[in-house]
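Trainee: Have a peek at target.cif (mmCIF, C-alpha atoms).
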data_my_file
#
loop_
_atom_site.label_atom_id
_atom_site.label_comp_id
_atom_site.auth_asym_id
_atom_site.auth_seq_id
_atom_site.Cartn_x
_atom_site.Cartn_y
_atom_site.Cartn_z
CA MET A 27 -15.38 16.13 21.00
CA GLN A 28 -12.23 16.26 23.11
CA HIS A 29 -8.63 16.96 22.17
CA HIS A 30 -6.25 14.59 23.89
CA GLU A 31 -2.52 14.57 24.40
CA VAL A 32 -0.66 11.46 25.52
CA ASP A 33 2.78 10.60 26.88
CA THR A 34 4.03 8.33 24.09
CA ASP A 35 7.05 7.24 26.17
CA ARG A 36 4.69 5.94 28.83
CA LEU A 37 2.63 4.16 26.19
CA THR A 38 5.63 2.43 24.65
CA ALA A 39 6.95 1.37 28.03
CA SER A 40 3.73 0.06 29.55
CA GLY A 41 1.63 -1.10 26.60
CA PRO A 42 -2.16 -0.70 26.58
CA ASP A 43 -2.74 -2.01 30.12
CA GLY A 44 -4.10 0.72 32.37
CA LEU A 45 -4.53 3.24 29.56
CA THR A 46 -7.68 4.48 27.95
CA ALA A 47 -8.45 3.64 24.36
CA GLY A 48 -7.93 7.30 23.50
CA GLU A 49 -4.46 7.33 25.00
CA VAL A 50 -3.38 4.26 23.04
CA LEU A 51 -4.86 5.45 19.75
CA ALA A 52 -3.60 8.99 20.20
CA GLY A 53 -0.09 7.71 20.86
CA TYR A 54 -0.15 5.75 17.63
CA LEU A 55 -1.46 8.67 15.59
CA HIS A 56 0.98 11.12 17.21
CA SER A 57 3.90 8.87 16.32
CA HIS A 58 3.01 8.52 12.66
CA ALA A 59 2.09 12.17 12.34
CA GLY A 60 5.66 12.87 13.43
CA ASP A 61 6.94 10.42 10.82
CA PHE A 62 4.86 12.21 8.18
CA LEU A 63 6.26 15.62 9.11
CA ARG A 64 9.85 14.32 9.11
CA GLY A 65 9.30 12.74 5.70
CA LEU A 66 7.89 16.02 4.45
CA ARG A 67 10.90 17.94 5.72
CA LEU A 68 13.34 15.47 4.14
CA TYR A 69 11.44 15.61 0.85
CA GLY A 70 11.77 19.39 0.81
CA GLU A 71 15.49 19.16 1.57
CA SER A 72 16.24 16.45 -1.02
CA GLY A 73 16.47 18.89 -3.94
CA ALA A 74 17.91 17.15 -6.99
CA ASP A 75 18.86 14.04 -5.01
CA THR A 76 16.47 11.53 -6.54
CA ALA A 77 17.30 8.71 -4.11
CA ALA A 78 16.70 10.95 -1.11
CA ALA A 79 13.44 12.23 -2.60
CA ASP A 80 12.25 8.66 -3.23
CA SER A 81 13.12 7.64 0.33
CA ALA A 82 11.32 10.66 1.77
CA ALA A 83 8.26 10.06 -0.42
CA LEU A 84 8.19 6.44 0.74
CA ALA A 85 8.24 7.59 4.37
CA LEU A 86 5.48 10.10 3.66
CA ARG A 87 3.31 7.46 2.02
CA GLY A 88 3.89 4.92 4.77
CA ALA A 89 2.95 7.41 7.48
CA ALA A 90 -0.10 8.59 5.53
CA ARG A 91 -1.31 5.00 5.06
CA ARG A 92 -0.93 4.19 8.74
CA ILE A 93 -2.70 7.33 9.88
CA GLY A 94 -5.47 6.69 7.34
CA GLY A 95 -5.76 3.06 8.46
CA GLY A 96 -6.07 4.11 12.10
CA LEU A 97 -8.72 6.68 11.24
CA HIS A 98 -10.68 4.06 9.29
CA THR A 99 -10.51 1.16 11.74
CA PHE A 100 -10.95 3.15 14.94
CA ARG A 101 -13.45 5.68 13.59
CA PRO A 102 -15.92 4.99 16.49
CA LEU A 103 -13.31 6.42 18.90
CA LEU A 104 -12.82 9.61 16.89
CA ASP A 105 -14.77 12.62 15.73
CA PRO A 106 -16.24 11.01 12.57
CA GLY A 107 -16.38 14.09 10.35
CA TRP A 108 -12.78 15.00 11.10
CA ALA A 109 -11.58 11.40 10.66
CA ASP A 110 -13.35 10.90 7.33
CA GLN A 111 -12.08 14.14 5.84
CA LEU A 112 -8.47 13.63 6.88
CA ARG A 113 -8.49 10.00 5.74
CA THR A 114 -9.77 11.04 2.31
CA GLU A 115 -7.09 13.70 1.95
CA LEU A 116 -4.30 11.36 3.07
CA GLY A 117 -5.49 8.76 0.56
CA TRP A 118 -5.34 11.36 -2.20
CA LEU A 119 -1.81 12.38 -1.22
CA SER A 120 -0.49 8.83 -0.84
CA GLY A 121 -1.99 7.79 -4.18
CA THR A 122 -0.54 10.84 -5.96
CA LEU A 123 2.96 10.26 -4.58
CA ALA A 124 2.84 6.53 -5.40
CA GLN A 125 2.29 6.95 -9.13
CA GLU A 126 5.81 8.00 -10.10
CA HIS A 127 7.40 5.15 -8.16
CA ALA A 128 4.90 2.68 -9.65
CA CYS A 129 5.73 3.73 -13.21
CA THR A 130 9.46 3.35 -12.57
CA ALA A 131 9.07 -0.09 -10.97
CA ARG A 132 6.75 -1.24 -13.76
CA LEU A 133 9.23 -0.21 -16.44
CA HIS A 134 12.10 -2.04 -14.73
CA ARG A 135 9.98 -5.17 -14.30
CA LEU A 136 8.87 -5.29 -17.93
CA VAL A 137 12.23 -4.41 -19.47
CA GLY A 138 13.85 -7.08 -17.30
CA ALA A 139 11.27 -9.62 -18.43
CA LEU A 140 11.91 -8.77 -22.09
CA ALA A 141 15.64 -9.14 -21.53
CA ARG A 142 15.12 -12.61 -20.08
CA LEU A 143 12.89 -13.62 -22.99
CA SER A 144 15.45 -12.48 -25.54
CA GLY A 145 18.31 -14.23 -23.80
CA ALA A 146 20.05 -10.96 -22.99
CA ALA A 147 19.95 -11.78 -19.29
CA PRO A 148 19.97 -15.06 -17.34
CA VAL A 149 16.54 -16.65 -17.06
CA PRO A 150 15.77 -17.57 -13.43
CA VAL A 151 14.93 -21.13 -12.55
CA ALA A 152 11.19 -21.71 -12.69
CA VAL A 153 9.49 -21.59 -9.29
CA PRO A 154 7.00 -24.42 -8.75
CA ALA A 155 3.44 -23.29 -8.18
CA SER A 156 3.39 -25.11 -4.84
CA ALA A 157 6.07 -22.78 -3.51
CA LEU A 158 3.97 -19.75 -4.35
CA GLY A 159 0.86 -20.74 -2.45
CA SER A 160 -2.40 -19.50 -3.87
CA VAL A 161 -1.29 -16.00 -4.70
CA PRO A 162 -1.58 -15.48 -8.45
CA GLY A 163 0.61 -12.39 -8.39
CA ALA A 164 3.70 -14.47 -7.70
CA ARG A 165 3.58 -15.79 -11.22
CA PRO A 166 6.22 -18.44 -11.95
CA GLU A 167 8.60 -17.77 -14.76
CA ALA A 168 8.18 -20.11 -17.72
CA GLU A 169 10.88 -22.69 -18.32
CA PRO A 170 13.19 -21.32 -21.04
CA GLY A 171 12.17 -23.45 -23.95
CA GLY A 172 11.38 -22.81 -27.59
CA PRO A 173 13.49 -20.17 -29.34
CA PRO A 174 17.22 -20.19 -28.56
CA PRO A 175 18.74 -17.19 -26.78
CA GLY A 176 18.81 -14.09 -28.95
CA THR A 177 15.93 -15.10 -31.21
CA LEU A 178 13.55 -12.55 -29.71
CA THR A 179 16.10 -9.75 -29.47
CA VAL A 180 14.65 -7.61 -32.27
CA GLY A 181 11.05 -8.03 -31.15
CA ALA A 182 12.00 -7.51 -27.51
CA SER A 183 13.91 -4.37 -28.41
CA ARG A 184 10.92 -2.93 -30.22
CA ALA A 185 8.59 -3.85 -27.37
CA GLY A 186 11.03 -2.41 -24.86
CA ALA A 187 11.29 0.86 -26.76
CA LEU A 188 7.51 1.16 -26.87
CA LEU A 189 7.15 0.39 -23.18
CA GLU A 190 9.89 2.84 -22.30
CA ARG A 191 8.22 5.63 -24.26
CA GLN A 192 4.84 4.96 -22.71
CA LEU A 193 5.98 4.46 -19.12
CA THR A 194 8.55 7.27 -19.20
CA LEU A 195 5.81 9.62 -20.35
CA ALA A 196 3.53 8.31 -17.61
CA ARG A 197 6.30 8.73 -15.03
CA THR A 198 6.97 12.29 -16.18
CA ARG A 199 3.30 13.12 -15.87
CA ALA A 200 3.16 11.49 -12.42
CA HIS A 201 6.20 13.48 -11.31
CA SER A 202 4.59 16.70 -12.48
CA ALA A 203 1.35 15.77 -10.74
CA ALA A 204 3.24 15.09 -7.49
CA LEU A 205 5.05 18.42 -7.64
CA GLN A 206 1.80 20.20 -8.40
CA ALA A 207 0.07 18.43 -5.51
CA LEU A 208 2.86 19.28 -3.05
CA GLY A 209 2.59 22.94 -3.99
CA SER A 210 -1.19 23.10 -3.77
CA SER A 211 -3.34 24.65 -1.08
CA ARG A 212 -4.98 21.24 -0.67
CA PHE A 213 -1.68 19.68 0.33
CA HIS A 214 -0.83 22.51 2.71
CA ALA A 215 -4.19 21.97 4.40
CA VAL A 216 -3.36 18.28 4.82
CA ALA A 217 0.09 19.09 6.21
CA ASP A 218 -1.45 21.56 8.67
CA ALA A 219 -3.98 18.95 9.81
CA VAL A 220 -1.24 16.37 10.36
CA ALA A 221 0.84 18.94 12.25
CA VAL A 222 -2.10 19.41 14.63
CA LEU A 223 -2.52 15.64 14.83
CA ALA A 224 1.05 15.35 16.08
CA SER A 225 -0.11 16.83 19.39
CA GLU A 226 -3.92 16.67 19.45
CA VAL A 227 -6.47 14.03 18.46
CA PRO A 228 -10.22 14.80 18.34
CA LEU A 229 -11.63 11.88 20.32
CA ALA A 230 -15.21 10.69 20.79
CA PRO A 231 -16.58 10.01 24.31
CA LEU A 232 -16.13 6.25 23.80
CA ALA A 233 -12.35 6.77 23.75
CA SER A 234 -12.33 7.46 27.50
CA ALA A 235 -13.07 3.78 28.20
CA PRO A 236 -10.21 1.39 29.08
CA ALA A 237 -8.24 0.30 26.06
CA VAL A 238 -8.60 -3.40 26.86
CA GLU A 239 -12.39 -3.05 26.72
CA VAL A 240 -12.77 -0.91 23.61
CA LEU A 241 -9.91 -1.33 21.13
CA ALA A 242 -10.51 -5.02 20.46
CA GLY A 243 -13.93 -4.41 18.86
CA PRO A 244 -12.85 -2.36 15.81
CA GLY A 245 -9.75 -4.53 15.36
CA ASP A 246 -11.86 -7.72 15.42
CA ALA A 247 -14.24 -6.26 12.86
CA THR A 248 -11.35 -5.61 10.49
CA GLU A 249 -10.06 -9.15 11.01
CA ARG A 250 -13.51 -10.63 10.26
CA GLN A 251 -13.72 -8.65 7.04
CA LEU A 252 -10.29 -9.96 6.06
CA LEU A 253 -11.20 -13.58 6.81
CA ASP A 254 -14.45 -13.27 4.85
CA ALA A 255 -12.56 -11.82 1.87
CA VAL A 256 -9.97 -14.62 2.05
CA ALA A 257 -12.75 -17.22 2.14
CA ALA A 258 -14.21 -15.69 -1.03
CA LEU A 259 -10.94 -15.85 -2.99
CA PRO A 260 -11.19 -17.82 -6.27
CA LEU A 261 -8.67 -20.42 -5.17
CA ALA A 262 -9.81 -23.01 -7.73
CA ARG A 263 -9.26 -20.43 -10.50
CA ALA A 264 -5.85 -19.54 -9.09
CA ALA A 265 -4.70 -23.14 -9.55
CA HIS A 266 -4.64 -22.56 -13.32
CA PRO A 267 -2.19 -20.39 -15.29
CA TYR A 268 -3.00 -16.73 -15.32
CA ASN A 269 -5.38 -15.87 -18.16
CA ALA A 270 -5.28 -19.50 -19.27
CA GLU A 271 -8.50 -19.00 -21.23
CA ALA A 272 -6.50 -16.91 -23.71
CA LEU A 273 -5.10 -20.15 -25.15
CA VAL A 274 -8.61 -21.10 -26.27
CA HIS A 275 -10.53 -17.87 -26.63
CA GLY A 276 -7.82 -15.52 -27.86
CA LEU A 277 -6.39 -12.64 -25.91
CA ALA A 278 -8.37 -11.91 -22.75
CA THR A 279 -9.86 -8.47 -22.41
CA SER A 280 -8.60 -6.12 -19.74
CA SER A 281 -11.90 -6.41 -17.87
CA GLU A 282 -11.44 -10.18 -17.59
CA GLY A 283 -7.99 -9.72 -16.10
CA GLU A 284 -9.26 -7.12 -13.68
CA ALA A 285 -12.05 -9.46 -12.59
CA GLN A 286 -9.48 -12.14 -11.79
CA ASP A 287 -7.30 -9.73 -9.81
CA ALA A 288 -9.96 -7.74 -7.95
CA PRO A 289 -10.56 -10.23 -5.08
CA TRP A 290 -6.83 -10.39 -4.41
CA HIS A 291 -6.51 -6.60 -4.41
CA HIS A 292 -9.37 -6.44 -1.89
CA VAL A 293 -7.64 -8.92 0.41
CA ARG A 294 -4.38 -6.96 0.15
CA GLN A 295 -6.13 -3.77 1.28
CA LEU A 296 -7.90 -5.51 4.17
CA LEU A 297 -4.68 -7.25 5.23
CA ARG A 298 -2.93 -3.88 5.39
CA LEU A 299 -5.71 -2.48 7.60
CA HIS A 300 -5.46 -5.55 9.84
CA ARG A 301 -1.70 -5.16 10.18
CA TYR A 302 -2.04 -1.48 11.04
CA ALA A 303 -4.72 -2.26 13.63
CA GLN A 304 -2.30 -4.67 15.30
CA GLU A 305 0.35 -1.95 15.38
CA VAL A 306 -1.94 0.21 17.51
CA TRP A 307 -1.71 -2.44 20.24
CA CYS A 308 2.04 -2.99 19.88
CA PRO A 309 3.71 0.35 19.09
CA GLY A 310 7.26 -0.21 17.91
CA GLY A 311 6.86 -3.99 18.00
CA ALA A 312 8.12 -6.36 15.33
CA PRO A 313 5.49 -7.09 12.66
CA ASP A 314 3.86 -10.51 12.54
CA PRO A 315 6.07 -12.43 10.06
CA VAL A 316 3.08 -14.38 8.68
CA LEU A 317 1.10 -11.23 7.94
CA LEU A 318 4.19 -9.48 6.62
CA GLY A 319 4.96 -12.35 4.22
CA ALA A 320 1.36 -12.48 3.01
CA GLY A 321 1.39 -8.73 2.45
CA GLN A 322 4.59 -8.95 0.42
CA ALA A 323 3.15 -11.73 -1.75
CA LEU A 324 -0.01 -9.71 -2.38
CA ASP A 325 2.10 -6.65 -3.20
CA ARG A 326 3.93 -8.73 -5.81
CA HIS A 327 0.59 -9.78 -7.23
CA ARG A 328 -0.51 -6.15 -7.53
CA ASP A 329 2.75 -5.19 -9.22
CA ALA A 330 2.51 -8.12 -11.62
CA ALA A 331 -1.13 -7.35 -12.45
CA GLU A 332 -0.28 -3.72 -13.20
CA ALA A 333 2.71 -4.77 -15.31
CA ALA A 334 0.52 -7.22 -17.21
CA ALA A 335 -2.00 -4.47 -17.93
CA ALA A 336 0.79 -2.20 -19.22
CA ALA A 337 2.19 -4.98 -21.41
CA ALA A 338 -1.24 -5.80 -22.82
#
Show this structure as C-alpha cells.

Mentor:
Amino acid sequence: MQHHEVDTDRLTASGPDGLTAGEVLAGYLHSHAGDFLRGLRLYGESGADTAAADSAALALRGAARRIGGGLHTFRPLLDPGWADQLRTELGWLSGTLAQEHACTARLHRLVGALARLSGAAPVPVAVPASALGSVPGARPEAEPGGPPPGTLTVGASRAGALLERQLTLARTRAHSAALQALGSSRFHAVADAVAVLASEVPLAPLASAPAVEVLAGPGDATERQLLDAVAALPLARAAHPYNAEALVHGLATSSEGEAQDAPWHHVRQLLRLHRYAQEVWCPGGAPDPVLLGAGQALDRHRDAAEAAAAAA
C-alpha cells in the first residue's frame, strides 16, 4: 500500500492525460475531502442558524456521497480494507444527516398536496404522462374534478394535523440522532479519516498505471450495471397509474408499493455512482445535463414514494 499526494492544480489544468490513475483518483478524493471538512466547520459554526446548518449538512452529505462513490467504483485502485471501512462509515453519516431534511421535505410535500385537494391552494395544471417519461416518481397531479373547492377542508385539516404530528416527531428524533452522531467517537473517527484523506490516499499497486489505461475499466463496469438495471425496469407497469390495482383489489399493501419502487431506487443509486465516476475524469467540469435530468427525475420518484408511504 502506498500513500500518494497529488498536485490538484496540475490535475485540473491538464486533465487525466499523462497522469497515473492514482494521481487522478487522489486528486478527486482530496478535493471532496476538503469539501467535507469545510462543510463540517460551517456546520459547527452555524449555531442556531437553521438555514446555515441545513446548507452545511447538505455540503457534508454531498462530499460524503462522492467520496463513498469513488471508493466503491475505483476500489481496485485502493487499499480494499481501508476503502470498504471508510465507505461504510461515510454511508452511515450521510444517511443519518439526511433523515431530518427528508422528514421536513416530506411534511411540506404532503401538507401542500392536502391544501391543493381541499381547494386552499391553486391546483397545478395536470402534466401529461408523456411529458414525464417512464419515471413513476414524477406522478401527474389529477385534474381537479369531483368535489368543489373547500369540500375536503375538514378532512384535509384532520389528515394534515395527523401528518404534522407524526412527521414532526420523526424530524425531532432525526435531529436528535444527528446531534448524537456528530458528538460520537464514531463520527470523530470518520472526520479524522477524511482529514487524512485530504492529503493522503492509500493506493494499490495498480494505481501507478497510466490513467487512460486503468480508470476506464471500473467506470465502464458501473455504466454496464446501470444499463442492465435500466433494461430491467418495469416500463410496461409504469405506463399505468401508480398502485392502479387498488381500484380493484382495495388498498395496496406497503410491500406491493415497495416492490413497484425498488427497481427505480436501484437505478437511481447506480446512476449516481455513474455520474460520480464521470466526475473523476472531469474534475470541476459541468455535469452531463442528460444524466443530471434523469437523476433529478429519479430523486422526485424517491421523494414521492416516501411521501406515499407516509400518507398510507

Trainee: Any idea what's packed within 9 Å of Leu252 in chain A, counting all atoms listed in the file, ignoring anything in its chain fewer than 4 positions away? Could you give it as a PyMOL selection string?

Mentor: chain A and resi 247-248+256-257+292-297+299-300

Trainee: Go through A:Gly70, A:Gly186, A:Pro236, A:Gly60 one by one, measure the shortest atom-to-atom distance of each to Ala219 in chain A using all atoms listed in the file, and give the residue with the smallest value.

Mentor: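 That would be A:Gly60, the residue with the smallest distance to Ala219 in chain A.
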
Trainee: Give one line per residue of range 218-261 of chain A that approaches range 48-55 of chain A to at most 8 Å, naming the two atoms of the closest pair and their distance in Å to one decimal, counting all atoms listed in the file; sort by chain then ascending residue number and deliver it as CSV.

Mentor:
residue,atom,partner,partner_atom,distance
A:Leu223,CA,A:Leu55,CA,7.1
A:Ala224,CA,A:Leu55,CA,7.2
A:Glu226,CA,A:Ala52,CA,7.7
A:Val227,CA,A:Ala52,CA,6.1
A:Leu229,CA,A:Gly48,CA,6.7
A:Ala233,CA,A:Gly48,CA,4.5
A:Ser234,CA,A:Gly48,CA,5.9
A:Ala235,CA,A:Gly48,CA,7.8
A:Ala237,CA,A:Val50,CA,7.0

Trainee: To one decimal place in Å, what is the distance between CA of Val220 in chain A and CA of His201 in chain A?

Mentor: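 According to the coordinates, CA of Val220 in chain A and CA of His201 in chain A are separated by 23.1 Å.
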
Trainee: Within 10 Å of (4.3, 6.2, 6.5), in the coordinates the file gives, what residues turn up when you count only C-alpha atoms, written out as a VMD selection string?

Mentor: chain A and resid 58 to 63 65 82 to 94 120

Trainee: Starting from the displayed file, determine the output of the PyMOL selection byres ((chain A and resi 133) around 9) and express the residue list as a VMD selection string.

Mentor: chain A and resid 128 to 132 134 to 138 186 189 to 190 193 to 194 333

Trainee: Check the smallest atom-to-atom distance from each of A:Ala182, A:Leu253, A:Leu112, A:Leu66 to Leu143 in chain A using all atoms listed in the file, then report the winner.

Mentor: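 The answer is A:Ala182, which sits nearest to Leu143 in chain A.
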
Trainee: Measuring between all atoms listed in the file, which one of A:Ala203, A:Leu261, A:Ala303, A:Leu188 shows the shortest distance to Arg101 in chain A?

Mentor: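 Looking only at the distances to Arg101 in chain A, the closest residue turns out to be A:Ala303.
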